[in-house]
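Coordinates as given in final01.pdb (PDB, C-alpha atoms, pLDDT in the B column):
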```
ATOM      1  CA  GLN Q   1     169.192 158.740 287.122  1.00 41.00           C
ATOM      2  CA  LYS Q   2     165.767 157.616 285.926  1.00 43.00           C
ATOM      3  CA  THR Q   3     164.449 154.112 286.373  1.00 43.00           C
ATOM      4  CA  ALA Q   4     163.434 152.045 283.369  1.00 43.00           C
ATOM      5  CA  TYR Q   5     159.770 152.745 284.057  1.00 42.00           C
ATOM      6  CA  GLU Q   6     160.368 156.483 284.202  1.00 46.00           C
ATOM      7  CA  ILE Q   7     162.552 156.657 281.134  1.00 46.00           C
ATOM      8  CA  TYR Q   8     159.975 154.767 279.093  1.00 44.00           C
ATOM      9  CA  GLN Q   9     157.579 157.659 279.611  1.00 45.00           C
ATOM     10  CA  CYS Q  10     159.975 160.593 279.724  1.00 48.00           C
ATOM     11  CA  ASP Q  11     161.969 162.629 277.269  1.00 47.00           C
ATOM     12  CA  TRP Q  12     165.687 162.301 278.040  1.00 44.00           C
ATOM     13  CA  SER Q  13     166.116 166.027 277.433  1.00 48.00           C
ATOM     14  CA  SER Q  14     163.722 166.893 280.235  1.00 46.00           C
ATOM     15  CA  ASP Q  15     163.075 165.843 283.806  1.00 44.00           C
ATOM     16  CA  VAL Q  16     159.346 166.327 283.268  1.00 39.00           C
ATOM     17  CA  CYS Q  17     157.314 163.243 282.362  1.00 41.00           C
ATOM     18  CA  SER Q  18     154.328 163.483 280.056  1.00 42.00           C
ATOM     19  CA  SER Q  19     151.277 161.533 281.199  1.00 36.00           C
ATOM     20  CA  ASP Q  20     149.985 161.035 277.654  1.00 38.00           C
ATOM     21  CA  LEU Q  21     153.055 159.178 276.363  1.00 35.00           C
ATOM     22  CA  GLU Q  22     152.589 155.494 275.594  1.00 40.00           C
ATOM     23  CA  ILE Q  23     154.501 153.203 277.953  1.00 40.00           C
ATOM     24  CA  GLY Q  24     157.450 151.582 276.183  1.00 62.00           C
ATOM     25  CA  ARG Q  25     157.670 147.877 275.521  1.00 75.00           C
ATOM     26  CA  SER Q  26     160.331 145.215 275.849  1.00 80.00           C
ATOM     27  CA  SER Q  27     160.848 142.398 273.371  1.00 81.00           C
ATOM     28  CA  THR Q  28     163.061 139.315 273.628  1.00 83.00           C
ATOM     29  CA  THR Q  29     165.042 138.850 270.418  1.00 82.00           C
ATOM     30  CA  GLY Q  30     168.173 137.222 269.042  1.00 84.00           C
ATOM     31  CA  ASN Q  31     171.429 138.988 268.215  1.00 83.00           C
ATOM     32  CA  ALA Q  32     173.023 138.438 264.801  1.00 84.00           C
ATOM     33  CA  THR Q  33     176.232 140.203 265.911  1.00 83.00           C
ATOM     34  CA  LEU Q  34     177.154 137.564 268.497  1.00 87.00           C
ATOM     35  CA  VAL Q  35     180.579 135.960 268.136  1.00 89.00           C
ATOM     36  CA  PRO Q  36     181.626 132.518 269.430  1.00 90.00           C
ATOM     37  CA  GLU Q  37     182.561 132.173 273.065  1.00 87.00           C
ATOM     38  CA  VAL Q  38     186.244 131.599 273.764  1.00 90.00           C
ATOM     39  CA  SER Q  39     187.341 129.068 276.382  1.00 89.00           C
ATOM     40  CA  ASP Q  40     190.812 128.053 277.550  1.00 94.00           C
ATOM     41  CA  MET Q  41     190.915 124.804 279.533  1.00 94.00           C
ATOM     42  CA  THR Q  42     193.915 123.504 281.465  1.00 96.00           C
ATOM     43  CA  GLY Q  43     193.964 120.119 283.157  1.00 96.00           C
ATOM     44  CA  LEU Q  44     196.551 118.053 284.997  1.00 97.00           C
ATOM     45  CA  GLY Q  45     195.890 114.634 286.497  1.00 97.00           C
ATOM     46  CA  VAL Q  46     197.573 111.790 288.336  1.00 97.00           C
ATOM     47  CA  VAL Q  47     196.266 108.203 288.580  1.00 97.00           C
ATOM     48  CA  LEU Q  48     197.478 105.672 291.158  1.00 96.00           C
ATOM     49  CA  ASN Q  49     196.944 101.927 290.737  1.00 94.00           C
ATOM     50  CA  PRO Q  50     199.588 100.264 292.944  1.00 94.00           C
ATOM     51  CA  GLN Q  51     200.353  96.615 292.271  1.00 92.00           C
ATOM     52  CA  PHE Q  52     201.092  96.005 295.952  1.00 92.00           C
ATOM     53  CA  PHE Q  53     197.502  96.980 296.834  1.00 92.00           C
ATOM     54  CA  PRO Q  54     195.175  95.083 294.443  1.00 91.00           C
ATOM     55  CA  GLY Q  55     191.753  96.638 293.924  1.00 93.00           C
ATOM     56  CA  PHE Q  56     192.814 100.119 295.036  1.00 96.00           C
ATOM     57  CA  ASN Q  57     192.613 103.090 292.664  1.00 96.00           C
ATOM     58  CA  ALA Q  58     193.059 106.804 293.243  1.00 97.00           C
ATOM     59  CA  SER Q  59     193.138 109.872 291.019  1.00 98.00           C
ATOM     60  CA  VAL Q  60     193.678 113.610 291.435  1.00 98.00           C
ATOM     61  CA  ASP Q  61     192.743 116.074 288.669  1.00 98.00           C
ATOM     62  CA  TYR Q  62     193.399 119.818 288.655  1.00 98.00           C
ATOM     63  CA  TRP Q  63     191.379 121.918 286.211  1.00 97.00           C
ATOM     64  CA  ASN Q  64     191.202 125.566 285.270  1.00 97.00           C
ATOM     65  CA  MET Q  65     188.667 127.059 282.845  1.00 94.00           C
ATOM     66  CA  ASP Q  66     188.823 130.619 281.527  1.00 94.00           C
ATOM     67  CA  ILE Q  67     185.845 131.739 279.430  1.00 90.00           C
ATOM     68  CA  SER Q  68     185.709 135.087 277.642  1.00 89.00           C
ATOM     69  CA  LYS Q  69     183.082 136.611 275.380  1.00 85.00           C
ATOM     70  CA  ALA Q  70     180.543 134.426 277.132  1.00 81.00           C
ATOM     71  CA  ILE Q  71     176.950 135.062 276.117  1.00 82.00           C
ATOM     72  CA  GLY Q  72     174.724 136.722 278.670  1.00 79.00           C
ATOM     73  CA  THR Q  73     171.692 139.009 278.880  1.00 79.00           C
ATOM     74  CA  LEU Q  74     170.850 142.248 280.679  1.00 79.00           C
ATOM     75  CA  ASN Q  75     167.562 143.595 281.933  1.00 81.00           C
ATOM     76  CA  THR Q  76     165.935 146.714 280.514  1.00 81.00           C
ATOM     77  CA  GLN Q  77     167.326 149.068 283.145  1.00 80.00           C
ATOM     78  CA  GLN Q  78     170.884 147.823 282.620  1.00 81.00           C
ATOM     79  CA  ILE Q  79     170.588 148.240 278.837  1.00 82.00           C
ATOM     80  CA  ILE Q  80     169.357 151.814 279.235  1.00 80.00           C
ATOM     81  CA  ASP Q  81     172.044 152.678 281.792  1.00 80.00           C
ATOM     82  CA  GLN Q  82     174.812 151.274 279.615  1.00 79.00           C
ATOM     83  CA  CYS Q  83     173.588 153.105 276.519  1.00 80.00           C
ATOM     84  CA  TYR Q  84     173.374 156.342 278.496  1.00 78.00           C
ATOM     85  CA  ALA Q  85     176.988 155.712 279.618  1.00 77.00           C
ATOM     86  CA  GLY Q  86     178.104 155.486 275.969  1.00 78.00           C
ATOM     87  CA  ASN Q  87     178.066 151.742 275.289  1.00 77.00           C
ATOM     88  CA  THR Q  88     177.014 151.699 271.614  1.00 78.00           C
ATOM     89  CA  GLN Q  89     176.440 147.921 271.648  1.00 75.00           C
ATOM     90  CA  MET Q  90     173.651 148.462 274.178  1.00 79.00           C
ATOM     91  CA  CYS Q  91     172.222 151.464 272.312  1.00 82.00           C
ATOM     92  CA  ALA Q  92     171.582 149.204 269.320  1.00 81.00           C
ATOM     93  CA  ALA Q  93     169.023 147.346 271.446  1.00 82.00           C
ATOM     94  CA  ILE Q  94     166.947 150.493 272.009  1.00 84.00           C
ATOM     95  CA  LEU Q  95     164.328 151.551 269.457  1.00 82.00           C
ATOM     96  CA  PHE Q  96     163.035 155.090 269.710  1.00 79.00           C
ATOM     97  CA  ALA Q  97     159.502 156.197 268.919  1.00 77.00           C
ATOM     98  CA  PRO Q  98     159.038 156.847 265.177  1.00 77.00           C
ATOM     99  CA  GLY Q  99     158.348 160.419 264.174  1.00 71.00           C
ATOM    100  CA  GLY Q 100     159.585 161.730 267.502  1.00 63.00           C
ATOM    101  CA  ASP Q 101     162.639 163.695 268.520  1.00 61.00           C
ATOM    102  CA  GLY Q 102     164.837 160.617 268.881  1.00 60.00           C
ATOM    103  CA  ARG Q 103     164.760 160.675 272.657  1.00 64.00           C
ATOM    104  CA  THR Q 104     161.514 158.900 273.541  1.00 73.00           C
ATOM    105  CA  ILE Q 105     161.955 155.133 273.877  1.00 78.00           C
ATOM    106  CA  ASP Q 106     159.464 152.878 272.131  1.00 81.00           C
ATOM    107  CA  THR Q 107     160.944 149.381 272.579  1.00 84.00           C
ATOM    108  CA  ILE Q 108     163.858 147.759 274.412  1.00 86.00           C
ATOM    109  CA  ASN Q 109     165.079 144.584 272.747  1.00 83.00           C
ATOM    110  CA  ILE Q 110     166.218 142.114 275.385  1.00 85.00           C
ATOM    111  CA  ARG Q 111     168.931 140.309 273.462  1.00 81.00           C
ATOM    112  CA  PRO Q 112     172.054 138.288 274.319  1.00 84.00           C
ATOM    113  CA  PHE Q 113     175.457 140.002 274.234  1.00 81.00           C
ATOM    114  CA  ASN Q 114     179.089 138.855 274.345  1.00 83.00           C
ATOM    115  CA  LEU Q 115     179.710 140.443 277.692  1.00 78.00           C
ATOM    116  CA  SER Q 116     180.381 137.771 280.300  1.00 80.00           C
ATOM    117  CA  LYS Q 117     183.637 136.344 281.607  1.00 90.00           C
ATOM    118  CA  GLN Q 118     184.122 133.391 283.944  1.00 90.00           C
ATOM    119  CA  ILE Q 119     187.096 131.780 285.642  1.00 93.00           C
ATOM    120  CA  ALA Q 120     186.515 128.404 287.305  1.00 94.00           C
ATOM    121  CA  ARG Q 121     189.211 126.384 289.051  1.00 97.00           C
ATOM    122  CA  GLY Q 122     189.221 123.267 291.195  1.00 97.00           C
ATOM    123  CA  ILE Q 123     190.616 119.857 292.080  1.00 98.00           C
ATOM    124  CA  ASP Q 124     188.762 116.538 291.731  1.00 98.00           C
ATOM    125  CA  PHE Q 125     189.622 113.550 293.930  1.00 98.00           C
ATOM    126  CA  GLU Q 126     188.516 109.953 293.556  1.00 98.00           C
ATOM    127  CA  VAL Q 127     189.439 106.911 295.650  1.00 98.00           C
ATOM    128  CA  SER Q 128     187.979 103.429 295.206  1.00 97.00           C
ATOM    129  CA  TYR Q 129     188.611  99.938 296.529  1.00 96.00           C
ATOM    130  CA  ARG Q 130     187.110  96.668 295.323  1.00 94.00           C
ATOM    131  CA  ALA Q 131     187.725  93.231 296.768  1.00 93.00           C
ATOM    132  CA  ASN Q 132     186.284  89.735 296.805  1.00 91.00           C
ATOM    133  CA  LEU Q 133     185.664  89.006 300.457  1.00 90.00           C
ATOM    134  CA  ASP Q 134     186.990  85.442 300.261  1.00 87.00           C
ATOM    135  CA  THR Q 135     190.441  86.937 299.709  1.00 84.00           C
ATOM    136  CA  ILE Q 136     190.143  88.449 303.185  1.00 83.00           C
ATOM    137  CA  VAL Q 137     188.343  85.600 304.984  1.00 84.00           C
ATOM    138  CA  SER Q 138     187.986  82.324 303.087  1.00 82.00           C
ATOM    139  CA  ASP Q 139     184.485  81.603 304.455  1.00 84.00           C
ATOM    140  CA  TRP Q 140     183.060  84.935 303.292  1.00 85.00           C
ATOM    141  CA  ASN Q 141     181.381  85.308 299.904  1.00 88.00           C
ATOM    142  CA  GLY Q 142     180.419  88.269 297.743  1.00 91.00           C
ATOM    143  CA  SER Q 143     182.347  91.416 296.962  1.00 93.00           C
ATOM    144  CA  LEU Q 144     182.780  94.826 298.524  1.00 94.00           C
ATOM    145  CA  MET Q 145     183.114  98.137 296.641  1.00 95.00           C
ATOM    146  CA  LEU Q 146     184.083 101.358 298.439  1.00 97.00           C
ATOM    147  CA  ARG Q 147     184.157 104.672 296.603  1.00 97.00           C
ATOM    148  CA  PHE Q 148     184.804 108.294 297.589  1.00 98.00           C
ATOM    149  CA  LEU Q 149     184.653 111.360 295.321  1.00 98.00           C
ATOM    150  CA  ALA Q 150     185.292 114.987 296.254  1.00 98.00           C
ATOM    151  CA  THR Q 151     185.735 118.315 294.511  1.00 98.00           C
ATOM    152  CA  ASN Q 152     187.547 121.322 295.954  1.00 98.00           C
ATOM    153  CA  PHE Q 153     186.207 124.438 294.216  1.00 97.00           C
ATOM    154  CA  LEU Q 154     189.056 126.943 294.362  1.00 97.00           C
ATOM    155  CA  ARG Q 155     187.452 129.688 292.308  1.00 96.00           C
ATOM    156  CA  ASN Q 156     184.235 130.477 290.453  1.00 94.00           C
ATOM    157  CA  TRP Q 157     184.576 134.122 289.431  1.00 93.00           C
ATOM    158  CA  GLN Q 158     181.995 135.649 287.108  1.00 89.00           C
ATOM    159  CA  SER Q 159     181.562 139.069 285.574  1.00 88.00           C
ATOM    160  CA  ASN Q 160     178.992 140.292 283.085  1.00 77.00           C
ATOM    161  CA  GLY Q 161     180.992 143.451 282.470  1.00 75.00           C
ATOM    162  CA  ILE Q 162     178.224 145.564 283.951  1.00 76.00           C
ATOM    163  CA  THR Q 163     177.599 144.757 287.599  1.00 78.00           C
ATOM    164  CA  ILE Q 164     180.125 144.016 290.346  1.00 84.00           C
ATOM    165  CA  PRO Q 165     181.951 140.690 289.648  1.00 89.00           C
ATOM    166  CA  ILE Q 166     180.912 137.729 291.782  1.00 89.00           C
ATOM    167  CA  GLU Q 167     183.187 135.174 293.443  1.00 93.00           C
ATOM    168  CA  GLY Q 168     181.000 132.147 294.089  1.00 93.00           C
ATOM    169  CA  ALA Q 169     183.459 129.614 295.542  1.00 95.00           C
ATOM    170  CA  GLY Q 170     182.821 129.167 299.250  1.00 94.00           C
ATOM    171  CA  ALA Q 171     179.338 130.746 299.167  1.00 93.00           C
ATOM    172  CA  ASN Q 172     176.700 128.201 300.177  1.00 91.00           C
ATOM    173  CA  SER Q 173     173.457 130.122 299.607  1.00 85.00           C
ATOM    174  CA  ALA Q 174     171.141 127.726 297.802  1.00 76.00           C
ATOM    175  CA  GLY Q 175     169.587 128.738 294.512  1.00 75.00           C
ATOM    176  CA  VAL Q 176     172.040 131.538 293.685  1.00 79.00           C
ATOM    177  CA  PRO Q 177     173.678 130.979 290.262  1.00 77.00           C
ATOM    178  CA  GLY Q 178     177.437 130.531 290.497  1.00 84.00           C
ATOM    179  CA  TYR Q 179     177.525 129.896 294.254  1.00 91.00           C
ATOM    180  CA  LEU Q 180     179.399 126.713 295.214  1.00 93.00           C
ATOM    181  CA  PRO Q 181     180.742 125.319 298.493  1.00 95.00           C
ATOM    182  CA  ASN Q 182     184.521 125.005 298.788  1.00 96.00           C
ATOM    183  CA  TRP Q 183     184.133 121.227 299.137  1.00 97.00           C
ATOM    184  CA  ARG Q 184     181.526 118.785 297.847  1.00 96.00           C
ATOM    185  CA  TRP Q 185     181.847 115.045 298.432  1.00 97.00           C
ATOM    186  CA  ASN Q 186     180.066 111.749 297.806  1.00 97.00           C
ATOM    187  CA  SER Q 187     180.822 108.307 299.219  1.00 97.00           C
ATOM    188  CA  SER Q 188     179.316 104.859 298.820  1.00 97.00           C
ATOM    189  CA  ALA Q 189     179.765 101.293 300.013  1.00 97.00           C
ATOM    190  CA  THR Q 190     178.301  98.376 298.048  1.00 96.00           C
ATOM    191  CA  TYR Q 191     178.123  94.721 299.021  1.00 95.00           C
ATOM    192  CA  SER Q 192     176.958  92.226 296.403  1.00 93.00           C
ATOM    193  CA  ASN Q 193     176.744  88.473 295.937  1.00 90.00           C
ATOM    194  CA  GLU Q 194     174.848  86.122 293.646  1.00 86.00           C
ATOM    195  CA  SER Q 195     171.537  86.736 295.439  1.00 88.00           C
ATOM    196  CA  PHE Q 196     171.376  90.449 296.253  1.00 90.00           C
ATOM    197  CA  SER Q 197     173.275  93.700 296.642  1.00 92.00           C
ATOM    198  CA  VAL Q 198     173.182  96.468 299.226  1.00 95.00           C
ATOM    199  CA  ASN Q 199     174.353 100.033 298.727  1.00 95.00           C
ATOM    200  CA  ILE Q 200     174.878 102.738 301.344  1.00 97.00           C
ATOM    201  CA  GLY Q 201     175.677 106.284 300.273  1.00 97.00           C
ATOM    202  CA  ALA Q 202     176.447 109.626 301.893  1.00 97.00           C
ATOM    203  CA  ARG Q 203     177.169 113.092 300.586  1.00 96.00           C
ATOM    204  CA  GLY Q 204     177.961 116.477 302.041  1.00 96.00           C
ATOM    205  CA  VAL Q 205     179.395 119.945 301.584  1.00 96.00           C
ATOM    206  CA  SER Q 206     181.780 122.081 303.586  1.00 96.00           C
ATOM    207  CA  ALA Q 207     180.760 125.026 305.714  1.00 95.00           C
ATOM    208  CA  GLY Q 208     180.885 128.403 304.012  1.00 94.00           C
ATOM    209  CA  VAL Q 209     179.377 131.877 303.912  1.00 94.00           C
ATOM    210  CA  TYR Q 210     176.123 133.376 302.683  1.00 93.00           C
ATOM    211  CA  ASN Q 211     177.899 135.832 300.392  1.00 91.00           C
ATOM    212  CA  ASN Q 212     181.612 136.444 299.819  1.00 92.00           C
ATOM    213  CA  SER Q 213     181.031 140.170 299.475  1.00 91.00           C
ATOM    214  CA  ASN Q 214     179.439 140.511 302.919  1.00 92.00           C
ATOM    215  CA  VAL Q 215     181.488 142.085 305.716  1.00 93.00           C
ATOM    216  CA  GLN Q 216     180.987 140.255 309.029  1.00 93.00           C
ATOM    217  CA  CYS Q 217     181.366 142.448 312.078  1.00 91.00           C
ATOM    218  CA  THR Q 218     179.634 143.339 315.339  1.00 88.00           C
ATOM    219  CA  SER Q 219     181.334 146.648 316.224  1.00 89.00           C
ATOM    220  CA  GLY Q 220     183.311 149.305 314.391  1.00 89.00           C
ATOM    221  CA  CYS Q 221     181.712 148.201 311.149  1.00 91.00           C
ATOM    222  CA  PRO Q 222     182.295 150.058 307.886  1.00 92.00           C
ATOM    223  CA  VAL Q 223     179.372 151.697 306.163  1.00 92.00           C
ATOM    224  CA  SER Q 224     177.130 149.044 304.645  1.00 91.00           C
ATOM    225  CA  THR Q 225     176.696 149.360 300.884  1.00 89.00           C
ATOM    226  CA  ALA Q 226     174.686 147.518 298.238  1.00 82.00           C
ATOM    227  CA  ASN Q 227     177.854 145.756 297.077  1.00 85.00           C
ATOM    228  CA  ASN Q 228     179.361 145.069 300.523  1.00 89.00           C
ATOM    229  CA  ARG Q 229     176.738 144.646 303.204  1.00 90.00           C
ATOM    230  CA  THR Q 230     177.699 144.430 306.868  1.00 93.00           C
ATOM    231  CA  VAL Q 231     176.212 141.461 308.740  1.00 93.00           C
ATOM    232  CA  ASP Q 232     176.696 140.083 312.230  1.00 92.00           C
ATOM    233  CA  ASN Q 233     176.849 136.481 310.988  1.00 93.00           C
ATOM    234  CA  ASN Q 234     177.901 135.434 307.489  1.00 93.00           C
ATOM    235  CA  HIS Q 235     178.530 131.769 308.345  1.00 93.00           C
ATOM    236  CA  ILE Q 236     176.439 128.940 306.934  1.00 89.00           C
TER     237      ILE Q 236
END
```
Would you kindly transcribe this structure into structure tokens?
Amino acid sequence: QKTAYEIYQCDWSSDVCSSDLEIGRSSTTGNATLVPEVSDMTGLGVVLNPQFFPGFNASVDYWNMDISKAIGTLNTQQIIDQCYAGNTQMCAAILFAPGGDGRTIDTINIRPFNLSKQIARGIDFEVSYRANLDTIVSDWNGSLMLRFLATNFLRNWQSNGITIPIEGAGANSAGVPGYLPNWRWNSSATYSNESFSVNIGARGVSAGVYNNSNVQCTSGCPVSTANNRTVDNNHI
């Protein structure tokens, strides 16, 4: 299978490249055939505000989001590969050289397609407590506010319909789109009175892995592949 660079300069009917062919171009364009994305959202929540515990509030919210026909883009090599495999939607993005035999590529239009799908699921937690300190000790003044928020990411599955689907929940590698720790939390404590206020905050994430598709092993490992690499330590 030829690379994008090779196929720009080669005739698909031959394995021989011609050195005098002009290198093909790529152009970023829109796509008038796009259709709206479709999203199904399910949510269920519970709020607690007990009268026997003034100032205390708690909530739990479960959410599930299923997106289909999401808009995404492919690189030039992926467009060529998909067209070669018979995907007519991708072939429409390829312009062949005018006056040629219909096999020499002139331009690849990098355009968005309705090809992505995503499933995201999680649970949000929030707990807060607020009190005037003179209700605890009469000589104290000011108020105290405590707050804790956390999200448990249960799933963040993504597929562009071309490459291997990605499950991002529990993968902590920074800077990788779609990767999220299983838990993320924030907490704060605020004291305030008529003269000033002080706030202390903390945040953190749970431990996880570098990549959910990695296979961690030290002996008897399966053959490492591009989609499932074997590593001796996948913990982060």
Using all atoms listed in the file, which of Q:Ser68, Q:Asn212, Q:Asn193, Q:Asn160 sits nearest Leu180 of chain Q? Q:Asn212
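Of the listed residues (Q:Ala226, Q:Ala202, Q:Met41, Q:Ala92), Q:Ala226 comes nearest to Ile164 of chain Q; the distances count only C-alpha atoms.
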Which residues, written as number ranges by chain, have at least one atom at most 7 Å from Ala131 of chain Q, with all atoms listed in the file counted and residues fewer than 2 positions away on the same chain left out? Q: 55, 129, 133, 143-145
What is the distance between atom CA of Ala32 of chain Q and atom CA of Cys83 of chain Q, in Å to one decimal?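 Computed distance, atom CA of Ala32 of chain Q to atom CA of Cys83 of chain Q, equals 18.8 Å.
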Residues returned when the PyMOL selection byres ((chain Q and resi 161) around 9) runs on this file, as a PDB file with C-alpha atoms, in the coordinates of the input:
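selection-v2.pdb, freshly written:
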```pdb
ATOM      1  CA  LEU Q 115     179.710 140.443 277.692  1.00 78.00           C
ATOM      2  CA  SER Q 116     180.381 137.771 280.300  1.00 80.00           C
ATOM      3  CA  LYS Q 117     183.637 136.344 281.607  1.00 90.00           C
ATOM      4  CA  SER Q 159     181.562 139.069 285.574  1.00 88.00           C
ATOM      5  CA  ASN Q 160     178.992 140.292 283.085  1.00 77.00           C
ATOM      6  CA  ILE Q 162     178.224 145.564 283.951  1.00 76.00           C
ATOM      7  CA  THR Q 163     177.599 144.757 287.599  1.00 78.00           C
ATOM      8  CA  ILE Q 164     180.125 144.016 290.346  1.00 84.00           C
ATOM      9  CA  PRO Q 165     181.951 140.690 289.648  1.00 89.00           C
TER      10      PRO Q 165
END
```
Run the PyMOL selection byres ((chain Q and resi 36) around 12) against the file shown and list the residues it catches, as a ChimeraX atom specification. /Q:32-35,37-39,67-71,113-115
Applying 10 Å and only C-alpha atoms, which residues near Asn233 of chain Q remain after dropping the ones on its own chain fewer than 2 positions away? List them as a VMD selection string. chain Q and resid 209 to 210 214 to 218 230 to 231 235 to 236
What separation in Å, quoted to one decimal, exists between atom CA of Ala174 of chain Q and atom CA of Ala207 of chain Q?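 Between these atoms lies a distance of 12.7 Å.
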May I ask which of the residues Q:Val205, Q:Ala58, Q:Ile94, Q:Ile119 is the closest one to Ile79 of chain Q, counting all atoms listed in the file?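 Of all the options, Q:Ile94 lies closest to Ile79 of chain Q.
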On this structure, the PyMOL selection byres ((chain Q and resi 192) around 12) would catch which residues? List them as a tab-separated table (two decimals) with C-alpha atoms, in the coordinates of the input, sorted by chain and number.
```tsv
chain	number	residue	atom	x	y	z
Q	130	ARG	CA	187.11	96.67	295.32
Q	131	ALA	CA	187.72	93.23	296.77
Q	132	ASN	CA	186.28	89.74	296.80
Q	133	LEU	CA	185.66	89.01	300.46
Q	140	TRP	CA	183.06	84.94	303.29
Q	141	ASN	CA	181.38	85.31	299.90
Q	142	GLY	CA	180.42	88.27	297.74
Q	143	SER	CA	182.35	91.42	296.96
Q	144	LEU	CA	182.78	94.83	298.52
Q	145	MET	CA	183.11	98.14	296.64
Q	146	LEU	CA	184.08	101.36	298.44
Q	189	ALA	CA	179.76	101.29	300.01
Q	190	THR	CA	178.30	98.38	298.05
Q	191	TYR	CA	178.12	94.72	299.02
Q	193	ASN	CA	176.74	88.47	295.94
Q	194	GLU	CA	174.85	86.12	293.65
Q	195	SER	CA	171.54	86.74	295.44
Q	196	PHE	CA	171.38	90.45	296.25
Q	197	SER	CA	173.28	93.70	296.64
Q	198	VAL	CA	173.18	96.47	299.23
Q	199	ASN	CA	174.35	100.03	298.73
Q	200	ILE	CA	174.88	102.74	301.34
```
Nearest residue to Phe56 of chain Q out of Q:Val137, Q:Val127, Q:Ala171, Q:Ala150, using only C-alpha atoms? Q:Val127
Just give me the residues with any atom within 7 Å of (186.4, 125.1, 299.8), file coordinates, counting only C-alpha atoms, written as number ranges by chain. Q: 152-154, 169-170, 181-183, 206
Between atom CA of Gly43 of chain Q and atom CA of Tyr179 of chain Q, what is the distance in Å, rounded to a tenth? 22.1 Å
When distances are computed from all atoms listed in the file, which of Q:Met90, Q:Val46, Q:Ile166, Q:Ala85 shows the smallest separation from Asp61 of chain Q?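 Closest to Asp61 of chain Q, using all atoms listed in the file: Q:Val46.
Closest approach to Asn156 of chain Q from the set Q:Asn172, Q:Thr73, Q:Gly178, Q:Pro112 is made by Q:Gly178, with distances taken over all atoms listed in the file.
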Within 10 Å of segment 26-28 of chain Q, counting all atoms listed in the file, which residues show up once you throw out same-chain ones fewer than 6 positions away? Write them as a PyMOL selection string, please. chain Q and resi 75-76+93-95+106-112
